[in-house]
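Some notes on the structure that comes next.
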Amino acid sequence: MDCIDPMKELQLEDVEVQLLIEGLYRRYGYDFRNYAQASLKRRIHSFLKVEGLPSISVLQAQVLRDRAYADRLLMGLTVNTTAMFRDPSFYMAFRQQVVPILRTYPFIRIWHAGCSTGQEVYSMAILLQEEELYHRCRIYATDANEQVLRTARNGIYPAKQMQEYTQLYLKAGGQRTFSEYYTASYESVILRPTLRERIVFGEHNLVTDGSFNEFNVIICRNVLIYFNQILQNHVHELFYNSLCKFGILGLGRQETLRFTKYETLYEDLVKAEKLYRRRS
């Protein structure tokens with residue numbers, strides 16, 4: 001009996017992954033070619049297990065012939081982990097350091113890139129309401145995945161998450177009673193319509209789409225960690241060109257401007273929370 005060479009199996013799997021993501025790009029325009037490969041492979045294997053498929057090649061055949069199947073895979077490959085007031089110290093820093101700057105603008109445009117199901121967008125809306133700035137803001141909340149955007153637009157979330165969200169809200173410097181911001185409906189809660197009044201939800205792909213406005217603030221947290229260096233540089237260029245002079249950039253805790261050509265073009269606003277300000 002022939003022994004299977006583990007190295008050759010890994011090499012074959014790498015080829016299968018490359019063919020799958022190239023097929024997704026050519027067939028549907030979903031571009032994962034510059035995503036971090038180790039993370040991408042883990043999510044593909046997880047999807048195979050859930051779907052009960054024996055190999056990546058079989059998955060590729062299914063995906064290329066069935067758009068609904070491709071959309072399910074897209075949900076599996078994109079990371080949609082989020083929560084209201086996730087990393088509450090970020091929001092506390094935003095209140096203390098960014099809000100005073102925003103008060104100097106007559107109108108404020110904020111881009112929340114990679115907004116997923118919307119919890120962090122609504123968190124910002126709550127913060128800006130409490131700081132009496134929301135009435136002169138426009139938040140553009142974008143994601144490449146239309147399915148998660150649908151959830152974000154609806155603003156309906158499981159009631160069982162509210163206890164956790166309440167604690168995060170308080171740690172983030174919340175000034176009211178968190179339950180004021182939603183209405184309970186059976187096992188779900190519906191966020192107050194006033195929170196959606198200044199939000200524009202839209203589909204935008206950081207990999208393939210360009211700038212669409214000039215912004216005072218861009219927030220993109222816990223998205224870039226899934227991209228390789230080539231794609232990270234591409235997105236940083238997009239953000240820099242989309243920020244106004246002295247605009248604010250907010251990244252996730254594991255993300256950084258270091259080792260990019262844009263590192264010297266920003267100054268640290270709150271270093272620990274990855275809040276940066278464009279120098280000019």
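Each chain in the structure tokens gets a letter, A, B, ..., in the order shown, and its residues are numbered from 1; ligands are numbered from 1 in order too.
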Mind running segment 103-125 of chain A against segment 241-263 of chain A at 10 Å and telling me each contacting residue's nearest atom pair with the distance in Å (one decimal), counting only C-alpha atoms, chain and number ascending, as JSON lines?
```
{"residue": "A:Arg109", "atom": "CA", "partner": "A:Leu243", "partner_atom": "CA", "distance": 9.7}
{"residue": "A:Ile110", "atom": "CA", "partner": "A:Ile248", "partner_atom": "CA", "distance": 9.3}
{"residue": "A:Trp111", "atom": "CA", "partner": "A:Ser242", "partner_atom": "CA", "distance": 9.3}
{"residue": "A:His112", "atom": "CA", "partner": "A:Gly250", "partner_atom": "CA", "distance": 9.4}
```
Alpha helix (DSSP H) call set, DSSP backbone run, segment 16-227 of chain A, as a ChimeraX atom specification:
/A:16-28,37-51,56-65,67-77,88-93,99-102,119-130,146-154,162-171
Counting only C-alpha atoms, the option among A:Phe85, A:Tyr134, A:Tyr105, A:Tyr240 closest to Met162 of chain A
A:Phe85
Pick the closest to Ile56 of chain A from A:Met75, A:Ile126, A:Leu19, A:Ala144: which is it, counting only C-alpha atoms?
A:Leu19
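When only C-alpha atoms are used to measure the gap to Arg95 of chain A, the shortest distance among A:Ile199, A:Gly155, A:Gln60, A:Ala172 belongs to A:Ala172.
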Env of Leu191 of chain A: 7 Å cut, atoms = only C-alpha atoms, seq-sep filter 5 positions within chain, self excluded. Answer as a VMD selection string.
chain A and resid 155 to 156 181 to 183
Would you please work out which residue, of A:Val58, A:Ala113, A:Leu24, A:Ala83, is nearest to His204 of chain A when using only C-alpha atoms?
A:Ala113
Contacts of Arg192 of chain A at 12 Å or less, counting only C-alpha atoms, minus same-chain residues fewer than 2 places along, as a PyMOL selection string?
chain A and resi 122+125-126+154-157+178-184+189-190+194-197
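We find atom CA of Thr264 of chain A and atom CA of Gln229 of chain A to be spaced 17.4 Å apart.
Atom CA of Arg277 of chain A sits 24.4 Å away from atom CA of Thr82 of chain A.
Here atom CA of Cys137 of chain A is placed at a distance of 6.0 Å from atom CA of Phe107 of chain A.
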Excluding segment 127-129 of chain A and residues on its chain fewer than 6 positions from it, collect all residues at most 8 Å away from it, counting only C-alpha atoms, and give them as a ChimeraX atom specification.
/A:91,95,135,174
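The shortest atom-to-atom distance to Thr166 of chain A, with only C-alpha atoms taken into account, belongs to A:Pro88 out of A:Tyr186, A:Val223, A:Pro88, A:Gln147.
Of the residues under consideration (A:Leu238, A:Ala159, A:Leu77, A:Phe215), A:Leu77 shows the shortest atom-to-atom contact distance to Ser46 of chain A when counting only C-alpha atoms.
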Segment 89-170 of chain A: residues DSSP assigns to strand (DSSP E), reported as a ChimeraX atom specification:
/A:108-113,137-143,156-158
Within 9 Å of Asn145 of chain A, counting only C-alpha atoms, which residues qualify if same-chain residues fewer than 5 places away don't, as a PyMOL selection string?
chain A and resi 71+74-75+78+114+116+150+203-205
How about saving the chosen residues, C-alpha atoms kept, as a PDB file, in the first residue's frame?
```
ATOM      1  CA  ASP A  71     -23.540  33.021  -0.327  1.00  0.00           C
ATOM      2  CA  LEU A  74     -19.321  33.837   2.048  1.00  0.00           C
ATOM      3  CA  MET A  75     -20.951  33.917   5.492  1.00  0.00           C
ATOM      4  CA  THR A  78     -16.191  36.512   6.492  1.00  0.00           C
ATOM      5  CA  GLY A 114     -16.674  46.373   7.899  1.00  0.00           C
ATOM      6  CA  SER A 116     -20.932  43.407  10.145  1.00  0.00           C
ATOM      7  CA  ARG A 150     -29.762  43.266   6.338  1.00  0.00           C
ATOM      8  CA  GLU A 203     -22.495  47.472   0.477  1.00  0.00           C
ATOM      9  CA  HIS A 204     -18.801  48.253   0.045  1.00  0.00           C
ATOM     10  CA  ASN A 205     -15.910  45.867  -0.473  1.00  0.00           C
TER      11      ASN A 205
END
```
